[in-house]
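Content type mmCIF, C-alpha atoms and all ligand atoms, from the file target10.cif:
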```
data_input
loop_
_atom_site.label_atom_id
_atom_site.label_comp_id
_atom_site.auth_asym_id
_atom_site.auth_seq_id
_atom_site.Cartn_x
_atom_site.Cartn_y
_atom_site.Cartn_z
CA MET A 135 0.00 0.00 0.00
CA GLN A 136 1.32 3.43 -0.96
CA ASP A 137 1.91 6.24 1.53
CA ILE A 138 -0.03 9.51 1.12
CA ASP A 139 1.45 11.29 -1.86
CA ILE A 140 1.81 14.89 -0.72
CA ASP A 141 2.03 16.99 -3.84
CA ASP A 142 3.56 20.41 -4.44
CA LEU A 143 0.75 22.07 -2.49
CA ALA A 144 2.70 21.30 0.67
CA TYR A 145 5.15 24.01 -0.27
CA VAL A 146 2.90 26.78 -1.62
CA HIS A 147 2.57 30.13 0.12
CA ILE A 148 -0.55 30.37 2.30
CA SER A 149 -2.44 33.68 2.07
CA LYS A 150 -3.73 33.78 5.61
CA GLY A 151 -6.98 35.74 5.71
CA LEU A 152 -6.74 35.94 1.88
CA ASP A 153 -4.78 39.16 2.44
CA ASP A 154 -4.03 40.80 -0.90
CA VAL A 155 -5.71 38.00 -2.87
CA VAL A 156 -7.80 39.44 -5.71
CA VAL A 157 -10.73 37.20 -6.69
CA LYS A 158 -12.66 39.33 -9.16
CA GLU A 159 -12.86 42.56 -11.09
CA THR A 160 -15.58 44.95 -10.03
CA VAL A 161 -17.16 48.18 -11.21
CA LEU A 162 -19.15 48.51 -7.99
CA SER A 163 -16.83 50.38 -5.67
CA TYR A 164 -13.30 51.66 -5.40
CA ILE A 165 -11.59 52.42 -2.10
CA ASP A 166 -8.59 54.75 -2.27
CA GLY A 167 -7.26 53.95 1.18
CA GLU A 168 -4.21 56.23 1.00
CA ASN A 169 -6.24 59.33 0.20
CA GLY A 170 -9.42 58.42 2.10
CA ARG A 171 -11.74 58.31 -0.90
CA LEU A 172 -14.63 56.00 -1.80
CA PHE A 173 -16.49 55.73 -5.10
CA TYR A 174 -19.56 53.73 -6.16
CA VAL A 175 -19.42 52.93 -9.91
CA GLY A 176 -17.10 55.93 -10.27
CA TYR A 177 -19.21 58.45 -8.35
CA PRO A 178 -17.57 60.00 -5.25
CA ILE A 179 -19.48 58.99 -2.14
CA GLU A 180 -19.75 62.67 -1.12
CA GLU A 181 -21.71 63.49 -4.28
CA LEU A 182 -24.05 60.53 -3.87
CA VAL A 183 -24.73 61.44 -0.26
CA GLU A 184 -25.47 65.02 -1.20
CA HIS A 185 -27.55 64.55 -4.34
CA SER A 186 -28.80 60.96 -4.47
CA THR A 187 -30.99 58.62 -2.42
CA TYR A 188 -30.59 55.05 -1.19
CA GLU A 189 -33.14 53.89 -3.78
CA GLU A 190 -31.12 55.49 -6.58
CA VAL A 191 -27.87 54.03 -5.21
CA CYS A 192 -29.51 50.58 -5.19
CA PHE A 193 -30.42 51.02 -8.86
CA LEU A 194 -26.87 52.24 -9.59
CA LEU A 195 -25.27 49.21 -7.94
CA LEU A 196 -27.66 46.64 -9.41
CA HIS A 197 -27.62 48.04 -12.97
CA GLY A 198 -24.16 49.63 -13.05
CA ARG A 199 -25.55 53.02 -14.11
CA LEU A 200 -27.75 55.82 -12.78
CA PRO A 201 -31.45 55.49 -13.67
CA LYS A 202 -33.45 57.81 -15.90
CA LYS A 203 -36.33 59.59 -14.15
CA ASP A 204 -39.02 57.02 -15.07
CA GLU A 205 -36.68 54.12 -14.23
CA LEU A 206 -36.04 55.58 -10.79
CA GLU A 207 -39.77 56.04 -10.22
CA SER A 208 -40.63 52.48 -11.13
CA PHE A 209 -37.70 51.06 -9.11
CA THR A 210 -38.77 53.13 -6.09
CA ASP A 211 -42.36 51.89 -6.54
CA LEU A 212 -41.11 48.31 -6.76
CA MET A 213 -39.16 48.69 -3.50
CA LYS A 214 -42.19 50.29 -1.80
CA SER A 215 -44.49 47.51 -2.97
CA GLU A 216 -42.17 44.94 -1.38
CA ARG A 217 -42.04 46.46 2.12
CA GLU A 218 -44.65 44.25 3.77
CA LEU A 219 -43.83 40.67 4.80
CA PRO A 220 -45.77 37.44 4.21
CA LYS A 221 -48.26 37.13 7.07
CA GLU A 222 -46.90 33.70 8.08
CA LEU A 223 -43.45 35.28 8.55
CA VAL A 224 -44.96 38.09 10.64
CA ALA A 225 -46.65 35.46 12.81
CA ILE A 226 -43.31 33.70 13.39
CA LEU A 227 -41.52 36.97 14.14
CA SER A 228 -44.16 37.76 16.75
CA LYS A 229 -42.96 34.71 18.70
CA ILE A 230 -39.19 35.24 18.69
CA PRO A 231 -37.66 35.37 22.15
CA ARG A 232 -36.86 38.66 23.85
CA ASN A 233 -33.29 39.82 23.25
CA SER A 234 -32.81 37.50 20.27
CA ASN A 235 -29.84 38.42 18.15
CA LEU A 236 -31.54 40.31 15.32
CA MET A 237 -28.87 39.21 12.85
CA ASP A 238 -30.03 35.62 13.38
CA VAL A 239 -33.62 36.71 12.87
CA LEU A 240 -32.68 38.57 9.69
CA LYS A 241 -30.91 35.48 8.34
CA PHE A 242 -33.94 33.40 9.18
CA GLY A 243 -36.31 35.93 7.59
CA ILE A 244 -34.36 35.99 4.33
CA ASP A 245 -34.28 32.17 4.27
CA TYR A 246 -38.05 32.15 4.86
CA LEU A 247 -38.49 34.40 1.80
CA ALA A 248 -36.50 31.83 -0.21
CA ILE A 249 -38.86 29.07 0.91
CA CYS A 250 -41.79 31.16 -0.40
CA ASP A 251 -40.16 31.77 -3.80
CA GLU A 252 -41.29 29.07 -6.20
CA GLU A 253 -38.99 30.16 -9.01
CA LEU A 254 -35.88 30.16 -6.89
CA GLN A 255 -33.50 28.32 -9.19
CA SER A 256 -34.58 29.44 -12.62
CA LYS A 257 -33.93 33.15 -12.69
CA GLY A 258 -32.19 35.25 -15.29
CA ARG A 259 -30.49 38.58 -14.54
CA VAL A 260 -33.64 40.73 -14.86
CA ASP A 261 -35.64 38.52 -12.49
CA ASN A 262 -32.73 38.43 -10.08
CA ILE A 263 -32.72 42.23 -9.91
CA VAL A 264 -36.41 42.10 -8.95
CA THR A 265 -35.57 39.48 -6.31
CA ALA A 266 -32.75 41.68 -5.04
CA ALA A 267 -35.16 44.63 -4.68
CA LYS A 268 -37.51 42.37 -2.74
CA ILE A 269 -34.78 41.19 -0.34
CA ILE A 270 -33.41 44.75 0.13
CA SER A 271 -36.88 46.08 0.87
CA LYS A 272 -38.09 43.32 3.16
CA SER A 273 -34.83 43.08 5.13
CA SER A 274 -35.52 46.43 6.79
CA THR A 275 -39.03 45.33 7.71
CA ILE A 276 -37.76 42.03 9.13
CA VAL A 277 -35.30 43.89 11.38
CA ALA A 278 -37.88 46.45 12.50
CA TYR A 279 -40.63 43.89 13.23
CA ALA A 280 -38.21 41.56 15.00
CA PHE A 281 -36.90 44.42 17.12
CA ARG A 282 -40.33 45.65 18.18
CA TYR A 283 -41.82 42.22 18.85
CA SER A 284 -38.78 41.15 20.86
CA GLU A 285 -39.07 44.32 22.94
CA GLY A 286 -42.73 43.58 23.63
CA LEU A 287 -43.88 46.47 21.40
CA GLU A 288 -46.59 46.59 18.74
CA ILE A 289 -45.14 46.48 15.25
CA VAL A 290 -45.35 49.60 13.08
CA ARG A 291 -46.52 48.82 9.55
CA PRO A 292 -44.47 50.32 6.69
CA SER A 293 -45.46 53.80 5.52
CA GLN A 294 -45.81 54.33 1.78
CA GLU A 295 -45.11 58.07 2.16
CA LEU A 296 -41.56 57.74 3.42
CA SER A 297 -38.28 56.87 1.70
CA HIS A 298 -36.83 53.42 2.32
CA ALA A 299 -34.43 54.66 4.99
CA ALA A 300 -36.86 57.04 6.73
CA ASN A 301 -39.42 54.25 6.78
CA PHE A 302 -36.91 51.99 8.54
CA LEU A 303 -36.41 54.61 11.26
CA TYR A 304 -40.18 55.00 11.55
CA MET A 305 -40.83 51.25 11.79
CA VAL A 306 -38.19 50.85 14.51
CA THR A 307 -38.96 53.92 16.65
CA GLY A 308 -42.65 54.39 15.87
CA VAL A 309 -42.05 58.11 15.30
CA LYS A 310 -42.41 59.75 11.87
CA PRO A 311 -38.95 61.30 11.32
CA ASP A 312 -38.42 64.99 10.54
CA SER A 313 -36.53 65.99 7.41
CA LEU A 314 -33.07 66.07 9.04
CA SER A 315 -33.52 62.62 10.62
CA SER A 316 -34.85 61.24 7.31
CA LYS A 317 -31.86 62.66 5.44
CA ILE A 318 -29.39 61.26 7.97
CA MET A 319 -30.98 57.81 7.76
CA ASP A 320 -30.79 57.93 3.97
CA VAL A 321 -27.12 58.93 4.20
CA ALA A 322 -26.47 56.06 6.62
CA PHE A 323 -28.05 53.56 4.21
CA ILE A 324 -26.01 54.95 1.29
CA LEU A 325 -22.75 54.83 3.29
CA HIS A 326 -23.34 51.20 4.29
CA ALA A 327 -24.57 50.03 0.87
CA GLU A 328 -21.27 48.78 -0.55
CA HIS A 329 -17.58 48.53 0.34
CA GLU A 330 -15.75 46.29 -2.17
CA LEU A 331 -14.96 42.81 -0.81
CA PRO A 332 -15.07 42.49 2.99
CA ALA A 333 -15.64 39.07 4.59
CA SER A 334 -19.44 39.26 4.21
CA SER A 335 -19.34 40.03 0.47
CA MET A 336 -16.78 37.27 0.02
CA ALA A 337 -19.08 34.87 1.90
CA ALA A 338 -21.94 35.82 -0.42
CA LEU A 339 -19.71 35.21 -3.46
CA VAL A 340 -18.55 31.79 -2.26
CA ILE A 341 -22.18 30.71 -1.88
CA ALA A 342 -23.23 32.25 -5.20
CA SER A 343 -20.33 30.62 -7.06
CA THR A 344 -21.95 27.22 -6.53
CA LEU A 345 -24.94 28.62 -8.48
CA SER A 346 -26.99 28.60 -5.32
CA ASP A 347 -29.60 31.39 -5.16
CA LEU A 348 -29.56 35.07 -4.20
CA TYR A 349 -31.36 34.54 -0.87
CA SER A 350 -28.76 31.98 0.28
CA ALA A 351 -25.89 34.26 -0.75
CA ILE A 352 -27.35 37.27 1.09
CA SER A 353 -28.27 35.21 4.13
CA GLY A 354 -24.62 34.04 4.19
CA GLY A 355 -23.52 37.66 4.03
CA VAL A 356 -25.62 38.42 7.10
CA GLY A 357 -24.01 35.49 8.94
CA ALA A 358 -20.52 36.79 8.17
CA LEU A 359 -21.36 40.36 9.13
CA LYS A 360 -22.66 39.18 12.49
CA GLY A 361 -19.14 38.45 13.75
CA PRO A 362 -17.52 41.06 16.02
CA LEU A 363 -14.52 41.45 13.70
CA HIS A 364 -16.83 42.80 10.99
CA GLY A 365 -20.11 44.43 12.08
CA GLY A 366 -20.57 45.66 15.58
CA ALA A 367 -17.74 48.16 16.12
CA ASN A 368 -20.12 51.15 16.26
CA GLU A 369 -21.92 49.55 19.18
CA LYS A 370 -18.59 49.33 21.01
CA ALA A 371 -17.71 52.91 20.02
CA LEU A 372 -21.01 54.16 21.42
CA GLU A 373 -20.44 52.24 24.67
CA MET A 374 -17.01 53.86 24.89
CA ILE A 375 -18.42 57.37 24.38
CA LEU A 376 -21.15 56.76 26.98
CA SER A 377 -18.61 55.41 29.48
CA ILE A 378 -16.27 58.38 28.94
CA GLY A 379 -19.20 60.63 29.80
CA SER A 380 -17.62 64.05 29.23
CA PRO A 381 -14.79 65.67 27.21
CA GLU A 382 -12.67 66.20 30.35
CA ASN A 383 -12.39 62.43 30.78
CA VAL A 384 -11.11 61.77 27.26
CA GLU A 385 -7.43 62.45 27.95
CA GLY A 386 -7.28 60.02 30.89
CA TYR A 387 -9.30 57.36 29.04
CA VAL A 388 -7.12 57.36 25.92
CA LYS A 389 -3.87 57.30 27.90
CA GLN A 390 -5.08 54.44 30.05
CA VAL A 391 -6.23 52.32 27.06
CA LEU A 392 -3.02 52.93 25.13
CA ALA A 393 -0.86 52.21 28.18
CA SER A 394 -2.51 48.81 28.47
CA LYS A 395 -1.97 48.22 24.71
CA GLY A 396 -5.70 48.35 24.10
CA ARG A 397 -7.55 49.72 21.07
CA ILE A 398 -9.62 52.87 20.92
CA MET A 399 -12.88 51.91 19.25
CA GLY A 400 -13.81 53.79 16.09
CA PHE A 401 -10.19 54.38 15.08
CA GLY A 402 -8.02 52.62 12.50
CA HIS A 403 -8.95 50.66 9.39
CA ARG A 404 -7.40 47.85 7.37
CA VAL A 405 -7.74 49.74 4.07
CA TYR A 406 -8.07 53.44 4.97
CA LYS A 407 -4.71 54.79 6.03
CA SER A 408 -6.12 58.30 6.20
CA TYR A 409 -9.46 59.78 7.30
CA ASP A 410 -12.32 57.38 6.44
CA PRO A 411 -14.51 59.52 4.12
CA ARG A 412 -17.64 57.96 5.63
CA ALA A 413 -16.54 59.13 9.09
CA ALA A 414 -16.11 62.68 7.75
CA ILE A 415 -19.67 62.61 6.39
CA PHE A 416 -21.18 61.17 9.57
CA ARG A 417 -19.28 63.77 11.60
CA ARG A 418 -20.94 66.56 9.62
CA TYR A 419 -24.37 65.08 10.29
CA LEU A 420 -23.57 64.61 13.97
CA GLU A 421 -22.84 68.35 14.00
CA SER A 422 -26.20 69.15 12.36
CA LEU A 423 -28.06 66.82 14.69
CA SER A 424 -26.32 68.24 17.78
CA GLN A 425 -27.23 71.75 16.69
CA GLN A 426 -30.86 70.82 16.02
CA ARG A 427 -31.22 69.00 19.36
CA GLY A 428 -29.22 71.55 21.38
CA ASP A 429 -27.11 68.68 22.71
CA ARG A 430 -23.40 68.71 21.93
CA SER A 431 -22.33 66.02 24.40
CA PHE A 432 -21.55 63.29 21.84
CA LEU A 433 -19.99 65.74 19.42
CA ASP A 434 -17.70 67.25 22.04
CA ILE A 435 -16.50 63.86 23.28
CA THR A 436 -15.82 62.50 19.78
CA LYS A 437 -14.00 65.68 18.73
CA LYS A 438 -11.82 65.53 21.83
CA LEU A 439 -11.19 61.82 21.16
CA GLU A 440 -9.99 62.66 17.66
CA GLU A 441 -7.65 65.32 18.97
CA VAL A 442 -6.12 63.19 21.73
CA VAL A 443 -5.84 59.95 19.70
CA ARG A 444 -4.21 61.77 16.79
CA ARG A 445 -1.74 63.41 19.14
CA GLU A 446 -0.95 60.22 21.11
CA LEU A 447 -0.66 58.05 17.98
CA ALA A 448 1.13 60.65 15.85
CA GLY A 449 3.24 58.82 13.29
CA LYS A 450 0.77 55.93 12.92
CA PRO A 451 -1.92 56.06 10.23
CA ILE A 452 -4.74 55.74 12.75
CA PHE A 453 -7.72 57.98 11.93
CA PRO A 454 -11.41 57.93 12.87
CA ASN A 455 -13.42 55.28 11.00
CA ILE A 456 -17.15 55.28 10.19
CA ASP A 457 -18.02 53.58 13.48
CA LEU A 458 -16.80 56.42 15.70
CA TYR A 459 -19.62 58.64 14.49
CA SER A 460 -22.34 56.28 13.27
CA GLY A 461 -23.06 54.84 16.74
CA ALA A 462 -23.46 58.32 18.22
CA VAL A 463 -25.68 59.43 15.33
CA PHE A 464 -27.90 56.34 15.54
CA HIS A 465 -28.21 56.77 19.31
CA MET A 466 -29.28 60.39 18.91
CA LEU A 467 -31.88 59.29 16.34
CA GLY A 468 -33.43 57.05 18.99
CA LEU A 469 -32.17 53.71 17.64
CA SER A 470 -31.35 50.93 20.06
CA LYS A 471 -27.87 49.39 19.91
CA ARG A 472 -29.61 46.12 19.05
CA VAL A 473 -30.41 47.39 15.57
CA PHE A 474 -27.02 48.93 14.69
CA THR A 475 -25.49 45.87 13.00
CA PRO A 476 -28.83 44.71 11.51
CA LEU A 477 -29.22 48.21 10.01
CA PHE A 478 -25.76 47.82 8.45
CA ALA A 479 -26.82 44.39 7.11
CA ALA A 480 -30.14 45.63 5.73
CA ALA A 481 -28.35 48.47 3.92
CA ARG A 482 -25.58 46.14 2.65
CA THR A 483 -28.05 43.63 1.11
CA VAL A 484 -27.72 45.65 -2.10
CA GLY A 485 -23.92 45.43 -2.12
CA TRP A 486 -24.04 41.66 -1.61
CA ALA A 487 -26.66 41.26 -4.34
CA ALA A 488 -24.73 43.47 -6.76
CA HIS A 489 -21.49 41.53 -6.21
CA VAL A 490 -23.32 38.24 -6.79
CA LEU A 491 -24.94 39.48 -10.01
CA GLU A 492 -21.59 40.81 -11.20
CA TYR A 493 -19.86 37.49 -10.38
CA TRP A 494 -22.54 35.43 -12.14
CA ARG A 495 -21.75 37.22 -15.42
CA ASP A 496 -18.60 35.09 -15.56
CA ASN A 497 -19.08 32.55 -12.80
CA ARG A 498 -16.39 30.21 -11.58
CA LEU A 499 -16.85 27.89 -8.64
CA ILE A 500 -14.72 29.19 -5.75
CA ARG A 501 -12.73 26.23 -4.57
CA PRO A 502 -9.41 27.06 -2.90
CA ARG A 503 -7.03 24.42 -1.62
CA ALA A 504 -5.56 23.60 1.78
CA THR A 505 -2.07 22.27 2.37
CA TYR A 506 -2.15 18.87 4.06
CA VAL A 507 0.03 18.80 7.19
CA GLY A 508 -1.56 15.73 8.85
CA PRO A 509 0.05 12.35 9.56
CA PRO A 510 1.27 10.05 6.78
CA MET A 511 -1.02 7.18 5.80
CA ARG A 512 -1.88 4.83 8.65
CA ARG A 513 -4.01 1.76 9.18
CA TYR A 514 -7.47 1.98 10.72
CA ILE A 515 -7.59 0.34 14.16
CA PRO A 516 -10.99 -1.01 15.25
CA VAL A 517 -12.30 0.67 18.37
CA HIS A 518 -11.91 -2.39 20.66
CA GLN A 519 -8.18 -2.61 19.79
CA ARG A 520 -7.32 1.07 20.52
N1 LIG B 1 -6.37 52.13 18.83
C1 LIG B 1 -5.05 52.11 19.17
N2 LIG B 1 -4.09 51.60 18.38
C2 LIG B 1 -4.45 51.13 17.20
C3 LIG B 1 -5.78 51.13 16.77
C4 LIG B 1 -6.75 51.66 17.63
N3 LIG B 1 -8.03 51.69 17.29
N4 LIG B 1 -5.84 50.58 15.54
C5 LIG B 1 -4.60 50.23 15.22
N5 LIG B 1 -3.74 50.56 16.22
C6 LIG B 1 -2.29 50.38 16.22
C7 LIG B 1 -1.95 48.93 16.55
O1 LIG B 1 -1.81 48.73 17.94
C8 LIG B 1 -0.66 48.74 15.80
O2 LIG B 1 0.38 49.29 16.56
P1 LIG B 1 1.87 48.66 16.52
O3 LIG B 1 2.31 48.75 15.11
O4 LIG B 1 2.64 49.53 17.46
O5 LIG B 1 1.72 47.25 16.99
C9 LIG B 1 -0.84 49.60 14.55
O6 LIG B 1 -1.80 50.59 14.92
C10 LIG B 1 -1.36 48.81 13.36
O7 LIG B 1 -2.45 48.01 13.81
P2 LIG B 1 -3.05 46.78 12.99
O8 LIG B 1 -3.91 45.97 13.87
O9 LIG B 1 -1.96 46.08 12.25
O10 LIG B 1 -3.92 47.53 11.93
P3 LIG B 1 -5.01 46.88 11.08
O11 LIG B 1 -5.07 47.66 9.85
O12 LIG B 1 -4.86 45.43 10.94
O13 LIG B 1 -6.32 47.11 12.02
C11 LIG B 1 -8.47 47.51 12.79
C12 LIG B 1 -7.49 47.64 11.61
C13 LIG B 1 -8.66 46.04 13.14
C14 LIG B 1 -9.80 48.12 12.37
C15 LIG B 1 -7.89 48.26 14.01
O14 LIG B 1 -7.58 49.58 13.65
C16 LIG B 1 -8.83 48.25 15.22
O15 LIG B 1 -8.83 47.28 15.97
N6 LIG B 1 -9.65 49.33 15.43
C17 LIG B 1 -10.57 49.41 16.53
C18 LIG B 1 -11.87 48.68 16.20
C19 LIG B 1 -12.71 49.42 15.16
O16 LIG B 1 -12.91 50.62 15.23
N7 LIG B 1 -13.18 48.66 14.16
C20 LIG B 1 -14.01 49.20 13.09
C21 LIG B 1 -13.26 49.21 11.78
S1 LIG B 1 -14.20 49.99 10.51
C22 LIG B 1 -15.27 48.84 9.96
O17 LIG B 1 -15.09 47.66 10.13
C23 LIG B 1 -16.53 49.28 9.26
#
```
Would you mind writing the file out in structure tokens?
Amino acid sequence: MQDIDIDDLAYVHISKGLDDVVVKETVLSYIDGENGRLFYVGYPIEELVEHSTYEEVCFLLLHGRLPKKDELESFTDLMKSERELPKELVAILSKIPRNSNLMDVLKFGIDYLAICDEELQSKGRVDNIVTAAKIISKSSTIVAYAFRYSEGLEIVRPSQELSHAANFLYMVTGVKPDSLSSKIMDVAFILHAEHELPASSMAALVIASTLSDLYSAISGGVGALKGPLHGGANEKALEMILSIGSPENVEGYVKQVLASKGRIMGFGHRVYKSYDPRAAIFRRYLESLSQQRGDRSFLDITKKLEEVVRRELAGKPIFPNIDLYSGAVFHMLGLSKRVFTPLFAAARTVGWAAHVLEYWRDNRLIRPRATYVGPPMRRYIPVHQR
């Protein structure tokens, strides 16, 4: 009998974490980490935030171009018409336990939608875009219903008068948002819509590459985003700001964390080695919100944090990231920490769908290899002889 024949794979370089491995070309987004810039399909994120809407950005990502006026109207109508959930799903959501992890509920909800889709496997690109709009639209409702039921609150049915993002805020808080809050929510959805190929988008691609369906790919994306190394940092940043309590405590807090080799939440990024452009945008809206509410407490603490961290870590490319400001903004808008990561997921459904559709244009099964480092071949020993 021959020994295990270990081939050349035993000696190949292992790209731990797939660092610097490029798996596809994309037109969806470009991150210029050195200069702190982000583009969706070539458009600077700042311009989209200022002039566009989440609905239009969804169209842009799914079709690869901006819509004409009538196309935008019909896409917006399609998304609106998909806000409500199947009544059987609502009944199940009404029974989820208190304090359930809403990312698990979102995964479940998306999988339930797959069960209800009779044409799951046989879709072309056009039908898949309609399916994507359905998943994007219903994901926000799943999160909102799950949140309210699990808090013992009555659900708030979707409003047809509000934008997608403003409607999410309304369904979660039960309060019709004013124009500034609606705008900020829309900005938040745009800023979380797409970000090249983080772990969650890669997870969606791996699933899609087997020619599984869009629901499974997006549900997989939610599962990957759930992990604390991906989603969830804004929750931690908010907890940090709340525990610091006032700008006078910032200096002592930062010095103590750095002395114990800890990390300041909301700072640093794997790709951005300068100011995260999304953080700069959120900071501006935190300023507007603080002015409107006459409450500068979060703004003053975060500004002081920036100043002290930049001074203490001078020489290292550690700048504020999106999570420093988004948690504070969401908190001021009345959102519970429980919905922070699910909000991110609901907004990112479009990015996952767009990557999948892009990958399917020239699909190849993703099947990496592992280097075998186990024992050489050995004989099986029956259990009574071991
Ligand atoms: N606070 C203090 N020091 C930091 C921080 C931070 N937030 N981030 C990085 N550093 C330091 C490291 O200690 C390290 O120092 P050293 O060279 O003296 O050992 C140096 O900067 C480089 O750190 P790395 O971990 O190699 O940087 P990397 O690019 O891998 O890390 C990460 C990126 C994981 C986001 C990191 O900056 C971090 O942990 N930040 C805090 C958590 C956070 O805000 N996460 C949200 C990221 S944004 C997002 O996911 C949407």
Exercise for the section: Please identify the residues whose atoms come within 6 Å of ligand LIG 1 (chain B), using only C-alpha atoms and all ligand atoms, and report them as a ChimeraX atom specification. Expected result: /A:364,367,397-404,452,455,457
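In terms of minimum interatomic distance to Ser424 (chain A), A:Ala462 ranks closest within A:Ile244, A:Val442, A:Leu345, A:Ala462, counting all atoms listed in the file.
The smallest atom-to-atom distance between Val191 (chain A) and any of A:Asp410, A:Asp320, A:Asp245, A:Glu369, using all atoms listed in the file, is found for A:Asp320.
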Problem - Residue among A:Ala327, A:Val146, A:Leu200, A:Ile230 lying closest to Phe478 (chain A), counting all atoms listed in the file - result: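 Of the candidates, the smallest distance to Phe478 (chain A) is held by A:Ala327.
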Fill in the blank from the handout: The residue from A:Tyr387, A:Tyr493, A:Phe281, A:Phe464 with the smallest atom-to-atom distance to Val443 (chain A), counting only C-alpha atoms, is A:Tyr387
Can you report as JSON the centre and edge lengths in Å, to one decimal, of an axis-aligned box around the listed atoms of region 178-195 of chain A padded with 3 Å on each side?
```
{"center_x": -25.4, "center_y": 57.1, "center_z": -4.9, "size_x": 21.6, "size_y": 21.8, "size_z": 15.3}
```
Practice task
Could you give me, as a count of residues only, the residues within 12 Å of Gly365 (chain A), counting only C-alpha atoms and dropping anything in the same chain fewer than 2 positions from it?
Solution key: 33
